[in-house]
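Text of work.txt (compact mmCIF, C-alpha atoms) as supplied:
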```txt
# COMPACT_ATOMS: atom_id res chain seq x y z
CA MET A 12 -40.66 -29.02 22.78
CA GLY A 13 -39.48 -27.79 26.15
CA ALA A 14 -38.58 -24.16 26.73
CA GLN A 15 -34.95 -25.01 27.54
CA LEU A 16 -34.47 -26.94 24.32
CA ARG A 17 -36.05 -24.19 22.25
CA VAL A 18 -33.60 -21.64 23.67
CA TYR A 19 -30.62 -23.86 22.77
CA LYS A 20 -31.94 -24.49 19.25
CA ARG A 21 -32.33 -20.78 18.66
CA ARG A 22 -28.82 -20.02 19.87
CA ILE A 23 -27.34 -22.75 17.68
CA GLN A 24 -29.12 -21.27 14.69
CA ALA A 25 -27.79 -17.79 15.44
CA VAL A 26 -24.22 -18.99 15.91
CA THR A 27 -24.39 -21.05 12.69
CA ALA A 28 -25.44 -17.95 10.76
CA THR A 29 -22.56 -15.96 12.28
CA LYS A 30 -20.14 -18.74 11.44
CA LYS A 31 -21.19 -18.69 7.80
CA ILE A 32 -20.53 -14.95 7.64
CA THR A 33 -17.11 -15.13 9.31
CA LYS A 34 -16.14 -18.06 7.10
CA ALA A 35 -17.05 -16.04 4.00
CA MET A 36 -15.08 -13.03 5.26
CA GLU A 37 -12.10 -15.26 5.96
CA MET A 38 -12.11 -16.60 2.43
CA ILE A 39 -12.55 -13.16 0.87
CA ALA A 40 -9.63 -11.84 2.92
CA ALA A 41 -7.49 -14.83 1.96
CA SER A 42 -8.04 -14.21 -1.74
CA ARG A 43 -7.31 -10.50 -1.33
CA ILE A 44 -3.99 -11.10 0.44
CA VAL A 45 -2.66 -12.79 -2.67
CA LYS A 46 -3.77 -9.87 -4.83
CA ALA A 47 -2.28 -7.36 -2.40
CA GLN A 48 0.99 -9.27 -2.27
CA ARG A 49 1.13 -9.27 -6.04
CA LYS A 50 0.73 -5.50 -6.03
CA VAL A 51 3.56 -5.14 -3.52
CA ALA A 52 5.77 -7.24 -5.79
CA ALA A 53 4.73 -5.24 -8.89
CA SER A 54 5.74 -1.97 -7.23
CA LYS A 55 9.21 -3.32 -6.34
CA PRO A 56 11.07 -2.56 -9.61
CA TYR A 57 10.09 1.11 -9.51
CA ALA A 58 11.07 1.46 -5.85
CA THR A 59 14.43 -0.28 -6.36
CA GLU A 60 15.33 1.80 -9.41
CA LEU A 61 14.28 4.98 -7.65
CA THR A 62 16.37 4.14 -4.57
CA ARG A 63 19.33 3.45 -6.84
CA ALA A 64 18.87 6.80 -8.54
CA VAL A 65 18.60 8.64 -5.22
CA THR A 66 21.75 6.89 -4.00
CA ALA A 67 23.52 7.84 -7.21
CA VAL A 68 22.73 11.54 -6.85
CA ALA A 69 23.42 11.52 -3.15
CA THR A 70 26.84 9.96 -3.45
CA GLY A 71 27.77 11.27 -6.88
CA SER A 72 27.29 14.94 -6.18
CA ASN A 73 27.65 17.45 -3.39
CA ALA A 74 24.17 18.76 -3.98
CA LYS A 75 22.54 20.12 -0.87
CA HIS A 76 18.82 19.82 -0.65
CA PRO A 77 16.36 20.70 2.13
CA LEU A 78 15.03 17.16 1.98
CA THR A 79 18.39 15.58 2.72
CA THR A 80 19.98 17.97 5.19
CA GLU A 81 19.43 17.44 8.87
CA VAL A 82 18.31 20.51 10.74
CA GLU A 83 20.49 21.46 13.73
CA ALA A 84 17.67 21.41 16.27
CA PRO A 85 14.52 19.92 14.81
CA THR A 86 11.44 21.30 16.54
CA ARG A 87 8.56 19.78 14.66
CA ALA A 88 7.93 16.40 13.11
CA ALA A 89 5.13 15.03 10.98
CA VAL A 90 3.84 11.52 11.60
CA LEU A 91 1.84 9.68 8.97
CA LEU A 92 -0.20 6.90 10.52
CA VAL A 93 -1.61 4.17 8.28
CA THR A 94 -4.65 2.32 9.68
CA SER A 95 -7.61 0.56 8.10
CA ASP A 96 -11.03 1.81 7.04
CA ARG A 97 -12.92 -1.18 8.35
CA GLY A 98 -12.75 -3.15 11.55
CA LEU A 99 -12.99 -6.91 12.13
CA ALA A 100 -9.27 -7.24 11.59
CA GLY A 101 -8.20 -8.19 15.11
CA GLY A 102 -5.57 -5.90 16.57
CA TYR A 103 -4.47 -4.51 13.22
CA SER A 104 -5.47 -0.88 13.63
CA SER A 105 -4.90 -0.66 17.38
CA ASN A 106 -1.37 -2.03 16.98
CA ALA A 107 -0.57 0.65 14.42
CA ILE A 108 -2.13 3.32 16.65
CA LYS A 109 -0.11 2.08 19.63
CA ALA A 110 3.11 2.22 17.60
CA ALA A 111 2.23 5.79 16.65
CA GLU A 112 1.64 6.66 20.31
CA ARG A 113 5.07 5.29 21.24
CA LEU A 114 6.72 7.26 18.43
CA ARG A 115 4.84 10.37 19.52
CA GLU A 116 6.08 10.00 23.06
CA ARG A 117 9.64 9.47 21.87
CA LEU A 118 9.51 12.55 19.65
CA ALA A 119 7.94 14.59 22.42
CA SER A 120 10.69 13.54 24.83
CA GLU A 121 13.20 14.79 22.25
CA GLY A 122 11.44 18.13 22.41
CA LYS A 123 9.66 17.98 19.08
CA GLU A 124 6.13 18.98 18.32
CA VAL A 125 4.18 16.31 16.48
CA ASP A 126 1.81 16.94 13.57
CA THR A 127 -0.37 13.94 12.81
CA TYR A 128 -1.56 12.83 9.40
CA ILE A 129 -3.84 9.81 9.23
CA VAL A 130 -4.85 7.29 6.58
CA GLY A 131 -7.88 5.11 7.37
CA ARG A 132 -11.17 5.63 9.16
CA LYS A 133 -10.12 3.71 12.31
CA GLY A 134 -7.25 6.07 13.07
CA VAL A 135 -9.41 9.08 12.33
CA ALA A 136 -12.07 7.78 14.72
CA TYR A 137 -9.48 7.14 17.47
CA TYR A 138 -8.09 10.68 17.23
CA GLY A 139 -11.51 12.21 16.72
CA PHE A 140 -12.87 10.56 19.88
CA ARG A 141 -9.97 11.91 21.91
CA GLU A 142 -10.35 15.29 20.27
CA ARG A 143 -6.75 15.39 19.18
CA LYS A 144 -5.64 17.62 16.37
CA VAL A 145 -5.16 15.94 13.00
CA GLU A 146 -3.50 17.94 10.24
CA ASP A 147 -5.01 15.96 7.41
CA SER A 148 -6.62 12.58 6.85
CA TRP A 149 -7.58 10.31 3.99
CA THR A 150 -10.08 7.46 3.94
CA GLY A 151 -11.66 5.10 1.46
CA PHE A 152 -8.74 3.32 -0.19
CA THR A 153 -6.91 1.34 2.50
CA ASP A 154 -7.84 -2.11 1.22
CA ASN A 155 -6.75 -1.42 -2.35
CA PRO A 156 -4.57 1.69 -2.66
CA ALA A 157 -3.62 3.09 -6.06
CA TYR A 158 -0.56 5.17 -6.87
CA SER A 159 -2.72 8.28 -7.20
CA ASP A 160 -3.80 7.76 -3.57
CA ALA A 161 -0.16 7.71 -2.48
CA LYS A 162 0.39 10.89 -4.47
CA SER A 163 -2.49 12.69 -2.79
CA VAL A 164 -1.19 11.61 0.64
CA ALA A 165 2.37 12.65 -0.16
CA ALA A 166 1.52 16.11 -1.53
CA PRO A 167 0.74 17.94 1.76
CA LEU A 168 3.59 16.13 3.53
CA ILE A 169 6.14 17.24 0.95
CA GLU A 170 4.72 20.74 1.09
CA ALA A 171 4.98 20.77 4.89
CA ILE A 172 8.59 19.66 4.89
CA GLN A 173 9.60 22.23 2.29
CA LYS A 174 8.11 25.05 4.32
CA GLU A 175 10.18 26.85 6.93
CA THR A 176 9.56 25.52 10.42
CA ALA A 177 8.66 28.96 11.70
CA GLU A 178 5.89 29.19 9.10
CA GLY A 179 4.30 25.93 10.14
CA GLY A 180 6.53 23.54 8.25
CA VAL A 181 8.09 20.39 9.68
CA ASP A 182 11.69 19.22 9.99
CA GLU A 183 11.16 15.49 9.97
CA LEU A 184 8.78 13.06 8.38
CA HIS A 185 7.94 9.74 10.00
CA ILE A 186 5.62 7.01 8.82
CA VAL A 187 3.91 4.36 10.94
CA PHE A 188 2.50 1.40 9.05
CA THR A 189 2.10 -2.36 9.38
CA GLU A 190 4.87 -4.21 7.68
CA PHE A 191 3.89 -7.41 5.92
CA VAL A 192 6.43 -10.08 6.90
CA SER A 193 4.46 -13.21 6.10
CA MET A 194 0.91 -14.53 6.14
CA MET A 195 1.25 -15.07 9.89
CA THR A 196 3.44 -12.13 10.93
CA GLN A 197 2.75 -8.44 10.48
CA ASN A 198 4.53 -5.83 12.54
CA ALA A 199 3.58 -2.26 13.19
CA VAL A 200 6.77 -0.30 12.46
CA ASP A 201 7.81 3.33 12.44
CA ASP A 202 10.27 4.68 9.97
CA ARG A 203 11.87 8.04 9.33
CA MET A 204 11.43 8.96 5.70
CA LEU A 205 12.95 12.42 5.72
CA PRO A 206 15.45 13.86 6.07
CA LEU A 207 17.03 11.07 4.17
CA SER A 208 20.15 9.90 5.92
CA LEU A 209 22.38 9.74 2.89
CA ASP A 210 25.25 8.18 4.78
CA GLU A 211 23.06 5.22 5.51
CA VAL A 212 21.97 4.88 1.90
CA ALA A 213 25.52 5.22 0.67
CA GLU A 214 26.77 2.72 3.22
CA GLU A 215 24.21 0.22 2.12
CA SER A 216 25.21 0.42 -1.51
CA THR A 217 28.92 0.10 -0.76
CA ARG A 218 28.19 -2.90 1.42
CA LYS A 219 26.61 -4.56 -1.57
CA GLY A 220 29.95 -4.12 -3.31
CA GLU A 221 28.45 -1.91 -5.94
CA ILE A 222 30.63 0.95 -7.10
CA LEU A 223 28.52 3.78 -8.35
CA PRO A 224 29.67 5.41 -11.55
CA LEU A 225 30.11 9.14 -11.91
CA PHE A 226 26.83 10.29 -13.35
CA ASP A 227 26.27 13.06 -15.79
CA PHE A 228 23.21 14.93 -14.54
CA GLU A 229 20.65 16.30 -16.90
CA PRO A 230 19.92 19.22 -16.45
CA SER A 231 21.83 19.50 -13.12
CA ALA A 232 22.32 17.53 -9.93
CA GLU A 233 20.15 19.95 -7.95
CA ASP A 234 17.32 19.79 -10.45
CA VAL A 235 17.45 16.02 -10.59
CA LEU A 236 17.36 15.80 -6.81
CA ASP A 237 14.52 18.31 -6.73
CA ALA A 238 12.46 16.11 -9.02
CA LEU A 239 13.64 12.85 -7.55
CA LEU A 240 12.96 13.30 -3.85
CA PRO A 241 9.21 13.96 -3.99
CA ARG A 242 8.87 10.89 -6.22
CA TYR A 243 10.95 8.95 -3.72
CA VAL A 244 8.63 9.96 -0.87
CA GLU A 245 5.58 9.06 -2.96
CA SER A 246 7.02 5.70 -3.80
CA ARG A 247 7.86 5.02 -0.14
CA ILE A 248 4.32 5.96 0.90
CA TYR A 249 2.87 3.84 -1.91
CA ASN A 250 4.92 0.88 -0.75
CA ALA A 251 3.81 1.44 2.86
CA LEU A 252 0.15 1.64 1.80
CA LEU A 253 0.42 -1.56 -0.21
CA GLN A 254 2.13 -3.43 2.62
CA ALA A 255 -0.45 -2.10 5.06
CA ALA A 256 -3.24 -3.32 2.76
CA ALA A 257 -1.71 -6.79 2.58
CA SER A 258 -1.27 -6.79 6.37
CA GLU A 259 -4.86 -5.67 6.87
CA HIS A 260 -6.17 -8.56 4.80
CA ALA A 261 -3.89 -11.02 6.58
CA ALA A 262 -4.97 -9.72 10.00
CA ARG A 263 -8.62 -9.90 8.97
CA ARG A 264 -8.20 -13.43 7.68
CA ARG A 265 -6.64 -14.49 10.98
CA ALA A 266 -9.28 -12.77 13.07
CA MET A 267 -12.07 -14.28 11.00
CA LYS A 268 -10.48 -17.70 11.13
CA SER A 269 -10.43 -17.68 14.91
CA ALA A 270 -13.99 -16.33 14.94
CA THR A 271 -15.06 -19.22 12.73
CA ASP A 272 -13.24 -21.71 14.96
CA ASN A 273 -14.81 -20.24 18.08
CA ALA A 274 -18.26 -20.36 16.48
CA GLY A 275 -17.64 -24.04 15.68
CA ASP A 276 -16.71 -24.75 19.31
CA LEU A 277 -19.73 -22.87 20.53
CA ILE A 278 -22.05 -24.81 18.22
CA LYS A 279 -20.53 -28.05 19.46
CA SER A 280 -21.00 -27.27 23.15
CA LEU A 281 -24.49 -25.86 22.56
CA SER A 282 -25.51 -29.03 20.67
CA ARG A 283 -24.24 -31.09 23.62
CA LEU A 284 -26.38 -29.01 25.98
CA ALA A 285 -29.36 -29.21 23.64
CA ASN A 286 -29.01 -33.01 23.45
CA ALA A 287 -28.83 -33.25 27.23
CA ALA A 288 -31.90 -31.03 27.53
CA ARG A 289 -33.80 -33.16 25.01
CA GLN A 290 -32.76 -36.34 26.81
CA ALA A 291 -33.80 -34.89 30.18
CA GLU A 292 -37.15 -33.93 28.68
CA ILE A 293 -37.73 -37.46 27.38
CA THR A 294 -36.72 -38.98 30.71
CA GLN A 295 -39.10 -36.68 32.47
CA GLU A 296 -41.92 -37.54 30.09
CA ILE A 297 -41.34 -41.27 30.56
CA SER A 298 -41.29 -40.98 34.31
CA GLU A 299 -44.44 -38.88 34.15
CA ILE A 300 -46.14 -41.51 32.03
CA VAL A 301 -44.95 -44.33 34.25
CA GLY A 302 -45.94 -42.41 37.35
CA GLY A 303 -49.31 -41.59 35.84
CA ALA A 304 -49.94 -45.18 34.76
CA SER A 305 -49.08 -46.62 38.14
CA ALA A 306 -51.22 -44.03 39.85
CA LEU A 307 -54.05 -44.97 37.52
CA ALA A 308 -53.43 -48.68 38.20
CA ASP A 309 -53.44 -48.04 41.95
CA ALA A 310 -56.67 -46.10 41.63
CA THR A 311 -58.49 -48.79 39.61
CA ALA A 312 -57.10 -51.52 41.88
CA GLY A 313 -58.60 -49.63 44.84
CA SER A 314 -62.06 -49.23 43.26
CA ASP A 315 -62.22 -52.93 42.29
CA LYS A 316 -62.36 -54.07 45.85
CA MET B 3 26.61 -5.35 -34.11
CA ALA B 4 28.03 -6.16 -30.75
CA ALA B 5 27.04 -3.56 -28.27
CA GLU B 6 23.63 -3.67 -26.66
CA LEU B 7 22.07 -2.03 -23.71
CA HIS B 8 19.56 -3.48 -21.33
CA VAL B 9 16.43 -1.42 -20.93
CA GLU B 10 13.96 -1.52 -18.05
CA LEU B 11 10.87 0.60 -18.48
CA VAL B 12 9.03 0.64 -15.18
CA ALA B 13 5.90 2.41 -14.05
CA ALA B 14 5.03 2.97 -10.39
CA ASP B 15 2.81 -0.09 -10.18
CA ARG B 16 4.28 -2.47 -12.75
CA SER B 17 7.18 -3.24 -15.03
CA VAL B 18 6.12 -2.13 -18.53
CA TRP B 19 8.85 -3.38 -20.83
CA SER B 20 12.32 -4.83 -20.51
CA GLY B 21 14.76 -6.13 -23.05
CA GLU B 22 17.87 -5.44 -25.11
CA ALA B 23 18.12 -2.37 -27.30
CA THR B 24 20.59 -0.54 -29.48
CA LEU B 25 19.22 2.97 -29.14
CA VAL B 26 16.86 4.74 -26.80
CA VAL B 27 15.56 8.22 -27.49
CA ALA B 28 13.79 10.10 -24.71
CA ARG B 29 12.90 13.69 -24.01
CA THR B 30 14.53 15.25 -20.96
CA THR B 31 13.83 18.70 -19.60
CA SER B 32 16.75 20.05 -21.58
CA GLY B 33 15.89 18.39 -24.88
CA ASP B 34 15.76 15.06 -26.64
CA ILE B 35 18.52 12.69 -25.75
CA GLY B 36 19.63 9.54 -27.51
CA VAL B 37 21.42 6.83 -25.56
CA MET B 38 23.50 4.18 -27.26
CA PRO B 39 25.62 1.47 -25.67
CA GLY B 40 28.72 2.89 -24.00
CA HIS B 41 27.12 6.21 -23.22
CA GLN B 42 28.45 8.15 -20.28
CA PRO B 43 26.57 7.41 -17.02
CA LEU B 44 23.55 9.65 -17.07
CA LEU B 45 20.71 10.61 -14.79
CA GLY B 46 18.09 12.94 -16.14
CA VAL B 47 14.59 14.22 -15.59
CA LEU B 48 12.11 13.23 -18.30
CA GLU B 49 9.43 15.37 -19.84
CA SER B 50 6.09 13.88 -20.73
CA GLY B 51 6.49 12.51 -24.22
CA PRO B 52 7.02 9.45 -26.33
CA VAL B 53 10.10 7.31 -25.73
CA THR B 54 11.51 5.37 -28.66
CA ILE B 55 13.38 2.15 -28.03
CA ARG B 56 15.12 0.48 -30.98
CA THR B 57 15.38 -3.17 -29.99
CA SER B 58 18.32 -5.33 -30.96
CA GLU B 59 16.05 -7.43 -33.18
CA GLY B 60 15.52 -4.35 -35.31
CA GLY B 61 12.04 -3.57 -34.07
CA THR B 62 10.88 -0.37 -32.46
CA VAL B 63 9.01 0.01 -29.21
CA ILE B 64 7.27 3.27 -28.51
CA ALA B 65 5.94 4.18 -25.12
CA ALA B 66 4.12 7.19 -23.74
CA VAL B 67 5.85 8.34 -20.57
CA HIS B 68 4.30 10.87 -18.23
CA GLY B 69 7.17 12.46 -16.35
CA GLY B 70 9.86 10.46 -14.64
CA PHE B 71 13.58 9.77 -14.85
CA ILE B 72 16.13 8.20 -17.11
CA SER B 73 19.19 6.62 -15.60
CA PHE B 74 21.98 4.92 -17.46
CA ALA B 75 25.09 3.17 -16.18
CA ASP B 76 27.08 0.08 -17.18
CA ASP B 77 24.99 -0.40 -20.33
CA LYS B 78 21.88 -0.67 -18.18
CA LEU B 79 19.21 1.89 -18.82
CA SER B 80 16.21 2.41 -16.62
CA LEU B 81 13.27 4.57 -17.47
CA LEU B 82 11.19 5.36 -14.40
CA ALA B 83 7.79 6.89 -14.80
CA GLU B 84 4.75 7.25 -12.63
CA ILE B 85 2.65 6.31 -15.63
CA ALA B 86 4.04 4.61 -18.71
CA GLU B 87 2.17 2.89 -21.51
CA LEU B 88 3.32 1.10 -24.62
CA ALA B 89 1.91 2.59 -27.81
CA ASP B 90 0.28 -0.76 -28.61
CA GLU B 91 -1.66 -0.62 -25.35
CA ILE B 92 -3.10 2.81 -25.95
CA ASP B 93 -6.71 2.97 -26.96
CA VAL B 94 -6.71 5.72 -29.61
CA GLU B 95 -10.43 6.39 -29.46
CA ARG B 96 -10.36 6.66 -25.71
CA ALA B 97 -7.37 8.99 -25.78
CA GLU B 98 -9.12 11.18 -28.38
CA ARG B 99 -12.25 11.27 -26.29
CA ALA B 100 -10.15 12.14 -23.23
CA LEU B 101 -8.49 14.94 -25.20
CA GLU B 102 -11.86 16.39 -26.24
CA LEU B 103 -13.12 16.16 -22.69
CA ALA B 104 -9.95 17.74 -21.28
CA LYS B 105 -10.20 20.58 -23.80
CA SER B 106 -13.80 21.32 -22.91
CA ASP B 107 -13.05 21.13 -19.18
CA ALA B 108 -9.85 23.16 -19.60
CA ASP B 109 -7.97 20.53 -17.59
CA ALA B 110 -4.39 21.18 -18.64
CA ALA B 111 -2.88 18.07 -17.03
CA ALA B 112 -5.43 15.69 -18.54
CA GLN B 113 -5.05 17.38 -21.92
CA ARG B 114 -1.28 16.91 -21.80
CA ARG B 115 -1.65 13.25 -20.85
CA ALA B 116 -4.04 12.55 -23.69
CA ASP B 117 -1.82 14.50 -26.07
CA VAL B 118 1.25 12.47 -25.14
CA ARG B 119 -0.67 9.26 -25.69
CA LEU B 120 -1.81 10.33 -29.13
CA ARG B 121 1.67 11.47 -30.09
CA ALA B 122 3.07 8.09 -29.06
CA VAL B 123 0.51 6.37 -31.25
CA ALA B 124 1.26 8.73 -34.14
CA VAL B 125 4.95 7.78 -34.13
CA ARG B 126 3.99 4.10 -34.12
```

Rewrite the structure of this file - the entire thing - as structure tokens.
Amino acid sequence: MGAQLRVYKRRIQAVTATKKITKAMEMIAASRIVKAQRKVAASKPYATELTRAVTAVATGSNAKHPLTTEVEAPTRAAVLLVTSDRGLAGGYSSNAIKAAERLRERLASEGKEVDTYIVGRKGVAYYGFRERKVEDSWTGFTDNPAYSDAKSVAAPLIEAIQKETAEGGVDELHIVFTEFVSMMTQNAVDDRMLPLSLDEVAEESTRKGEILPLFDFEPSAEDVLDALLPRYVESRIYNALLQAAASEHAARRRAMKSATDNAGDLIKSLSRLANAARQAEITQEISEIVGGASALADATAGSDK
Amino acid sequence: MAAELHVELVAADRSVWSGEATLVVARTTSGDIGVMPGHQPLLGVLESGPVTIRTSEGGTVIAAVHGGFISFADDKLSLLAEIAELADEIDVERAERALELAKSDADAAAQRRADVRLRAVAVR
């Protein structure tokens, strides 16, 4: 076998092996999206009921709470960025990071300091490489988050927002995550979680035509709100983590699908080249044989004379 | 027997139980509270403890609820809890083991969780 042909054969083999791997990853991701979507759906009832309860307290009482009141001049904001632990998911993590950068710039232009909290190894690596300060980070659960993970993420954030700004607390809480729209569309979005704009919540419920009854609070409106808001933040973070997980799997599936397709194309064009090389080799051999034979014939014809 | 209330018992990651009931007893921070159809709209903070739901078919559903909220309006009652388990789902042996372990480790939160589970099973 000619050297050229051997090189092509080896490359085809390598690309075929890669294709098998990407195909397997694509199928694994596809099966995990369904599971992740199911988890998003399963967390819906809790989130809806909790939002309803928050709306009820917010509209049904005049309770003032640090988590719902807007500060006159907010000076510091916390940003929670949700990225993935593993790569090979196309632009998934970098899109989320870019959205966080945009939000950061916007907050900075409004004169706010930004404290960054990160979920996922990719985000941690990005900030670590640039030697930026990260308040806190969590890794290891982005592809299948549990409620306890959301709780552990929420705890320092809630603590930070309850602290006075002068003592290192924050006035606002933003979250950047990748929203799962459909199998094909996922958007990196930023969202302000706190302070809760109660007017907005109240407006939404009245738009639905729902009249909220006058609740009797047990033990008191303030206590209920005290207990309710941290849970609300946890549930929002949990929902964001679940959506991000579903988006991550969808992004990985898409990236792996195009990798598989590209590997297929590459194999095709390499086989064409290998065939041409083989054919050229055969042609050369034939012409060598023919040339050799005729040279031999000429030689014997000469000696006969 | 006309009046009924609709109960939704939801945990953070799933819907645990839903159906019609005539009476729901739960423990709030200020004491046990019983809700029957036509109760005044209510929103309360739950303590960890068993919740008793008397279904309209005459049966009783007991669930262990670890913190959370009770909200009632328009004959619709929702029980929200981070963790909620039906008494039938609780593995008694496992809960007992967890209680022993929590006692030896002096882990107050784990001990309380195991205790609530066992109490829910005891009422069953």

Write out as JSON, numbers by chain the residues lying within 9 Å of Asp76 in chain B, counting all atoms listed in the file and excluding same-chain residues fewer than 6 positions away. {"A": [224], "B": [7, 39, 40, 41, 42, 43]}

How about saving the chosen residues, C-alpha atoms kept, as an mmCIF file, in the coordinates of the input?
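Saved the output as selection.cif:
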```cif
data_model
loop_
_atom_site.group_PDB
_atom_site.id
_atom_site.type_symbol
_atom_site.label_atom_id
_atom_site.label_comp_id
_atom_site.auth_asym_id
_atom_site.auth_seq_id
_atom_site.Cartn_x
_atom_site.Cartn_y
_atom_site.Cartn_z
ATOM 1 C CA PRO A 224 29.670 5.410 -11.550
ATOM 2 C CA LEU B 7 22.070 -2.030 -23.710
ATOM 3 C CA PRO B 39 25.620 1.470 -25.670
ATOM 4 C CA GLY B 40 28.720 2.890 -24.000
ATOM 5 C CA HIS B 41 27.120 6.210 -23.220
ATOM 6 C CA GLN B 42 28.450 8.150 -20.280
ATOM 7 C CA PRO B 43 26.570 7.410 -17.020
#
```

So that I can check the surroundings of Leu277 in chain A, please list as a PyMOL selection string every protein, DNA and RNA residue that reaches within 9 Å of it, counting all atoms listed in the file and ignoring chain neighbours fewer than 4 positions away. chain A and resi 23+26+272-273+281-282

Would you mind listing, as a ChimeraX atom specification, all residues of chain A that have at least one atom within 6 Å of chain B, where all atoms listed in the file are what counts? /A:53-54,57,226-229

So that I have them on file, write out the residues from the current selection with C-alpha atoms, as a PDB file, in the frame of the given file.
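The resulting selection31.pdb:
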```pdb
ATOM      1  CA  ALA A  53       4.730  -5.240  -8.890  1.00  0.00           C
ATOM      2  CA  SER A  54       5.740  -1.970  -7.230  1.00  0.00           C
ATOM      3  CA  TYR A  57      10.090   1.110  -9.510  1.00  0.00           C
ATOM      4  CA  PHE A 226      26.830  10.290 -13.350  1.00  0.00           C
ATOM      5  CA  ASP A 227      26.270  13.060 -15.790  1.00  0.00           C
ATOM      6  CA  PHE A 228      23.210  14.930 -14.540  1.00  0.00           C
ATOM      7  CA  GLU A 229      20.650  16.300 -16.900  1.00  0.00           C
TER       8      GLU A 229
END
```

CA of Lys268 in chain A and CA of Ala40 in chain A are how many Å apart?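 Interatomic distance, CA of Lys268 in chain A to CA of Ala40 in chain A: 10.1 Å.
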
Fewer than 3 positions away in the same chain doesn't count, so skip those; otherwise give me all residues within 6 Å of Gly51 in chain B, counting only C-alpha atoms, as number ranges by chain. B: 66-67, 118

Which residues, written as a PyMOL selection string, have at least one atom at most 12 Å from Arg265 in chain A, with all atoms listed in the file counted and residues fewer than 4 positions away on the same chain left out? chain A and resi 33-34+36-41+44+99-103+194-197+258-261+269-272

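Each of A:Ala291, A:Ala238, A:Ala107, A:Leu307 was checked against Glu190 in chain A using all atoms listed in the file; the smallest atom-to-atom distance is that of A:Ala107.
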
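Note that the spacing between CA of Glu245 in chain A and CA of Arg29 in chain B amounts to 22.8 Å.
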
So, with all atoms listed in the file as the atoms that count, which of B:Ala124, B:Ala108, B:Glu6, B:Ala23 lies closest to Gly60 in chain B?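 Looking at the shortest contact to Gly60 in chain B, the residue is B:Ala23.
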